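Shown below: input04.txt, with compact mmCIF, C-alpha atoms.
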```txt
# COMPACT_ATOMS: atom_id res chain seq x y z
CA MET X 82 65.98 81.33 132.89
CA LYS X 83 66.91 84.87 133.77
CA VAL X 84 69.82 84.62 136.21
CA CYS X 85 72.16 87.30 137.57
CA ILE X 86 75.62 86.74 139.06
CA ALA X 87 76.19 88.49 142.40
CA ILE X 88 79.75 89.15 143.56
CA PRO X 89 80.59 90.82 146.88
CA ILE X 90 84.04 92.40 146.89
CA TYR X 91 86.39 94.06 149.32
CA ASN X 92 89.62 95.29 147.71
CA GLU X 93 89.57 92.82 144.80
CA ALA X 94 90.76 95.22 142.08
CA LYS X 95 93.35 92.71 140.81
CA ALA X 96 90.79 90.06 139.90
CA ILE X 97 87.33 91.57 139.55
CA GLY X 98 87.77 93.14 136.11
CA ASP X 99 88.70 89.85 134.45
CA ILE X 100 85.89 88.02 136.26
CA VAL X 101 83.21 90.48 135.18
CA GLU X 102 84.55 90.56 131.63
CA ALA X 103 84.44 86.74 131.38
CA ILE X 104 80.89 86.62 132.75
CA ARG X 105 79.64 89.36 130.44
CA ALA X 106 81.22 87.51 127.50
CA ARG X 107 78.75 84.72 128.32
CA ARG X 108 75.91 87.27 128.06
CA LEU X 109 75.07 87.04 131.73
CA ASP X 110 74.22 89.98 133.98
CA VAL X 111 76.44 90.81 136.95
CA VAL X 112 75.90 92.86 140.09
CA VAL X 113 78.99 93.64 142.18
CA ILE X 114 78.55 94.75 145.78
CA ASP X 115 81.58 96.86 146.70
CA ASP X 116 81.88 96.65 150.48
CA GLY X 117 83.83 99.83 151.15
CA SER X 118 86.86 99.00 149.01
CA SER X 119 89.73 101.48 148.84
CA ASP X 120 91.34 100.11 145.66
CA GLY X 121 88.78 101.13 143.04
CA GLY X 122 87.46 97.61 142.47
CA GLY X 123 83.89 98.82 142.07
CA VAL X 124 84.90 101.33 139.40
CA ILE X 125 86.73 98.60 137.49
CA ALA X 126 83.74 96.28 137.71
CA GLN X 127 81.39 98.95 136.42
CA ALA X 128 83.72 99.74 133.51
CA LYS X 129 83.62 96.05 132.54
CA GLY X 130 79.82 96.01 132.45
CA ALA X 131 78.62 95.16 135.97
CA ALA X 132 75.93 96.95 137.93
CA VAL X 133 77.56 98.12 141.16
CA ILE X 134 76.15 98.65 144.65
CA THR X 135 78.58 100.64 146.79
CA HIS X 136 78.94 100.68 150.57
CA GLU X 137 80.65 103.76 151.95
CA GLY X 138 82.28 101.66 154.68
CA ARG X 139 82.83 97.95 155.22
CA LYS X 140 79.65 96.21 156.40
CA GLY X 141 80.53 92.53 155.97
CA LYS X 142 79.87 89.79 153.43
CA GLY X 143 76.45 89.03 154.87
CA VAL X 144 75.19 92.57 154.40
CA SER X 145 76.71 92.66 150.91
CA LEU X 146 74.92 89.47 149.89
CA GLN X 147 71.64 90.70 151.36
CA ASP X 148 71.95 93.86 149.25
CA GLY X 149 72.73 91.74 146.20
CA PHE X 150 69.72 89.48 146.85
CA GLY X 151 67.50 92.54 147.13
CA TYR X 152 68.76 93.68 143.72
CA ILE X 153 67.95 90.26 142.22
CA VAL X 154 64.37 90.31 143.51
CA ARG X 155 63.71 93.93 142.52
CA HIS X 156 64.93 93.35 138.98
CA GLY X 157 62.82 90.27 138.37
CA TYR X 158 65.51 87.60 138.02
CA ASP X 159 64.55 83.94 138.43
CA GLY X 160 67.57 83.35 140.61
CA VAL X 161 71.10 84.35 141.54
CA ILE X 162 74.49 82.70 141.33
CA THR X 163 76.88 83.95 144.00
CA MET X 164 80.63 84.01 143.38
CA ASP X 165 83.68 85.28 145.23
CA GLY X 166 85.53 88.21 143.72
CA ASP X 167 89.10 87.04 144.32
CA GLY X 168 89.36 84.65 141.37
CA GLN X 169 89.02 81.42 143.39
CA HIS X 170 85.81 80.48 141.56
CA ALA X 171 86.21 79.45 137.92
CA VAL X 172 83.86 81.31 135.57
CA GLU X 173 83.66 78.27 133.28
CA ASP X 174 81.82 76.40 136.05
CA LEU X 175 78.82 78.68 135.48
CA GLU X 176 77.63 76.40 132.68
CA GLY X 177 77.25 73.52 135.12
CA PHE X 178 75.30 75.69 137.55
CA LEU X 179 72.95 76.91 134.85
CA LYS X 180 72.22 73.37 133.62
CA LYS X 181 71.54 72.15 137.15
CA ALA X 182 69.44 75.23 137.93
CA GLU X 183 67.25 74.48 134.91
CA GLN X 184 66.61 71.03 136.43
CA PHE X 185 65.84 72.44 139.90
CA PRO X 186 64.81 76.07 139.31
CA GLN X 187 63.13 76.53 142.71
CA ASP X 188 65.95 75.15 144.84
CA ILE X 189 69.62 75.73 145.69
CA VAL X 190 72.52 74.34 143.67
CA ALA X 191 75.58 74.44 145.93
CA GLY X 192 79.08 74.13 144.58
CA THR X 193 81.14 71.31 146.03
CA ARG X 194 84.93 71.17 145.99
CA MET X 195 85.16 67.95 147.95
CA ASP X 196 85.38 65.64 144.92
CA GLN X 197 88.57 67.40 143.82
CA CYS X 198 90.13 68.74 147.01
CA ALA X 199 93.69 67.47 146.72
CA ASN X 200 95.00 71.02 146.39
CA MET X 201 92.89 72.31 149.29
CA PRO X 202 94.94 73.05 152.43
CA TRP X 203 94.58 70.20 154.95
CA LEU X 204 93.14 72.35 157.75
CA ARG X 205 90.57 73.92 155.44
CA ARG X 206 89.56 70.52 154.06
CA THR X 207 89.13 69.05 157.54
CA THR X 208 87.20 72.09 158.78
CA ASN X 209 84.93 72.07 155.71
CA ARG X 210 84.07 68.41 156.19
CA PHE X 211 83.22 68.91 159.86
CA MET X 212 81.12 72.01 159.23
CA SER X 213 79.35 70.34 156.30
CA TRP X 214 78.45 67.39 158.52
CA LEU X 215 77.15 69.70 161.24
CA ILE X 216 75.10 71.93 158.95
CA SER X 217 73.74 68.94 157.05
CA LEU X 218 72.49 67.65 160.40
CA VAL X 219 70.65 70.90 161.07
CA CYS X 220 69.31 71.05 157.49
CA LYS X 221 68.22 67.38 157.59
CA GLN X 222 69.71 66.75 154.15
CA ASN X 223 73.19 65.90 152.93
CA ILE X 224 75.15 68.92 151.67
CA PRO X 225 78.70 67.91 150.70
CA ASP X 226 80.29 71.38 150.93
CA THR X 227 78.33 73.90 152.98
CA GLN X 228 81.24 76.37 153.04
CA CYS X 229 81.45 76.95 149.30
CA GLY X 230 80.12 80.38 148.39
CA TYR X 231 79.66 79.46 144.73
CA ARG X 232 75.97 78.57 144.45
CA TYR X 233 72.65 79.14 142.72
CA ILE X 234 69.69 80.32 144.82
CA SER X 235 66.19 80.65 143.40
CA ARG X 236 64.07 83.78 143.56
CA ALA X 237 61.43 81.78 145.46
CA ILE X 238 63.93 81.17 148.27
CA LEU X 239 65.14 84.77 148.33
CA GLN X 240 61.55 85.95 148.76
CA GLN X 241 60.81 83.56 151.63
CA ILE X 242 63.91 83.67 153.84
CA GLN X 243 64.75 86.52 156.19
CA LEU X 244 68.49 86.80 156.65
CA THR X 245 70.13 88.41 159.67
CA CYS X 246 73.78 87.34 159.59
CA LYS X 247 76.17 90.14 158.71
CA ASP X 248 79.29 88.22 157.73
CA PHE X 249 80.53 84.83 156.49
CA GLU X 250 78.02 82.76 158.45
CA ILE X 251 75.30 83.99 156.07
CA GLU X 252 76.18 81.13 153.71
CA SER X 253 75.11 78.62 156.38
CA GLU X 254 72.07 80.71 157.25
CA VAL X 255 70.80 80.55 153.65
CA LEU X 256 71.06 76.74 153.61
CA ILE X 257 69.36 76.33 156.97
CA GLN X 258 66.49 78.72 156.32
CA ALA X 259 65.83 77.31 152.85
CA SER X 260 65.90 73.73 154.16
CA ARG X 261 63.40 74.56 156.90
CA ARG X 262 61.03 75.89 154.28
CA GLY X 263 61.16 72.62 152.37
CA PHE X 264 63.65 73.52 149.64
CA ARG X 265 66.30 71.04 148.52
CA VAL X 266 70.03 71.62 148.10
CA HIS X 267 71.62 69.96 145.06
CA ALA X 268 75.37 69.66 144.50
CA ALA X 269 77.41 70.74 141.48
CA PRO X 270 81.16 70.03 141.32
CA VAL X 271 83.36 73.12 141.04
CA LYS X 272 87.04 73.87 140.84
CA THR X 273 88.71 76.13 143.37
CA ILE X 274 91.79 78.06 142.35
CA TYR X 275 94.20 78.70 145.21
CA ARG X 276 96.62 81.56 144.68
CA ASP X 277 98.54 83.70 147.15
CA GLU X 278 95.50 85.73 148.19
CA LYS X 279 95.03 86.35 151.90
CA SER X 280 91.81 85.02 153.38
CA LYS X 281 89.45 87.69 154.70
CA ILE X 282 88.15 85.28 157.34
CA ASN X 283 89.41 86.05 160.84
CA PRO X 284 90.10 82.53 162.23
CA LEU X 285 89.22 83.34 165.84
CA ARG X 286 86.47 85.94 165.49
CA ASP X 287 84.62 84.29 162.61
CA THR X 288 84.89 80.78 164.07
CA ILE X 289 83.37 81.99 167.35
CA ARG X 290 80.63 83.85 165.49
CA PHE X 291 79.87 80.76 163.39
CA PHE X 292 79.58 78.44 166.39
CA ILE X 293 77.37 80.89 168.28
CA TYR X 294 75.07 81.06 165.26
CA ILE X 295 75.03 77.31 164.54
CA SER X 296 74.44 76.51 168.23
CA LYS X 297 71.32 78.68 168.24
CA GLU X 298 70.08 77.02 165.07
CA PHE X 299 70.83 73.51 166.32
CA PHE X 300 68.74 73.93 169.46
CA ARG X 301 65.98 75.64 167.45
CA ARG X 302 65.35 72.47 165.41
```
Any chance you could give the structure as structure tokens?
Amino acid sequence: MKVCIAIPIYNEAKAIGDIVEAIRARRLDVVVIDDGSSDGGGVIAQAKGAAVITHEGRKGKGVSLQDGFGYIVRHGYDGVITMDGDGQHAVEDLEGFLKKAEQFPQDIVAGTRMDQCANMPWLRRTTNRFMSWLISLVCKQNIPDTQCGYRYISRAILQQIQLTCKDFEIESEVLIQASRRGFRVHAAPVKTIYRDEKSKINPLRDTIRFFIYISKEFFRR
């Protein structure tokens, strides 16, 4: 399989170089979408061997992922694995994704942290479980961790779905649209590394945006 790793970043200069270097050491291609960073993260990623798409200003994670997906389709990859650029996703978990993707090359393989979530903050763990239950209901299939951005998505899905979400809710939108087109979502256990990084999710704004989106999708079933 020809798979590319897509990583959206916003001011992740501290971590992105090591991530790209570790991925390239595994002979995998990487595209980094630099969403208007001011710390030179895109330059660092390019120096380490990544293709880089640059936004002049910040557009949001959803727009960044859409640009990355467009790159995947244009360059003829069989699928994409999305990762965060802050070091929370372990590069060594890529092997598990690739093995699972070879079993289910047309579907989604979604990372799940819920088997090993002892180090996950309590509020985040509780929120993830609730959201995963809600989105699984809309998708009509069980997805243990719908909030994990570490996942494989096939080219077939990328060519069929039409994404509109501009920020973090895009990860739910991908699952819902793919499920409605008959694709399955398979789980792969992943580690999550919690450091002292500050979350880029705005608790109030992004929660409101998520519930507006999911409410529309729920009543569209």
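The interatomic distance for the pair atom CA of X:Leu146 and atom CA of X:Thr207 works out to 26.0 Å.
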Which neighbours of X:Thr135 fall inside 9 Å, counting only C-alpha atoms, when residues of the same chain fewer than 2 positions from it are skipped, and could you give them as a ChimeraX atom specification? /X:113-118,123,133,137-138
Report as number ranges by chain all protein, DNA and RNA residues lying within 9 Å of stretch 262-271 of chain X, evaluated on only C-alpha atoms, omitting residues in the same chain fewer than 4 positions from it. X: 170-171, 174, 177-178, 181, 185, 187-197, 222-226, 231-232, 238, 241-242, 256-258
Could you please determine the separation between atom CA of X:Val124 and atom CA of X:Ile251 in Å, to one decimal place?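 Straight-line distance from atom CA of X:Val124 to atom CA of X:Ile251 works out to 25.9 Å.
The environment of stretch 161-163 of chain X within 7 Å, counting only C-alpha atoms and disregarding residues fewer than 6 places along the same chain, consists of Val84, Cys85, Ile86, Ala87, Ile88, Ile153, Gly230, Tyr231, Arg232, Tyr233, Ile234 and Ser235 of chain X.
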Those residues you just picked out, can you put them in a file as a compact mmCIF listing (two decimals), keeping the file's coordinate frame with C-alpha atoms?
```txt
# COMPACT_ATOMS: atom_id res chain seq x y z
CA VAL X 84 69.82 84.62 136.21
CA CYS X 85 72.16 87.30 137.57
CA ILE X 86 75.62 86.74 139.06
CA ALA X 87 76.19 88.49 142.40
CA ILE X 88 79.75 89.15 143.56
CA ILE X 153 67.95 90.26 142.22
CA GLY X 230 80.12 80.38 148.39
CA TYR X 231 79.66 79.46 144.73
CA ARG X 232 75.97 78.57 144.45
CA TYR X 233 72.65 79.14 142.72
CA ILE X 234 69.69 80.32 144.82
CA SER X 235 66.19 80.65 143.40
```
Enter the distance from atom CA of X:Asp99 to atom CA of X:Asp120, in Å, rounded to one decimal.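 Rounded to one decimal, the two atoms are 15.4 Å apart.
Residue nearest X:Val255, chosen from X:Asn92, X:Gln169, X:Thr273, X:Gln147 and counting only C-alpha atoms: X:Gln147.
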Please provide the set of residues having any atom within 9 Å of X:Met82, restricted to only C-alpha atoms, with same-chain residues fewer than 2 positions apart removed, written as JSON, numbers by chain. {"X": [84, 158, 159, 160, 179, 182, 183, 186]}
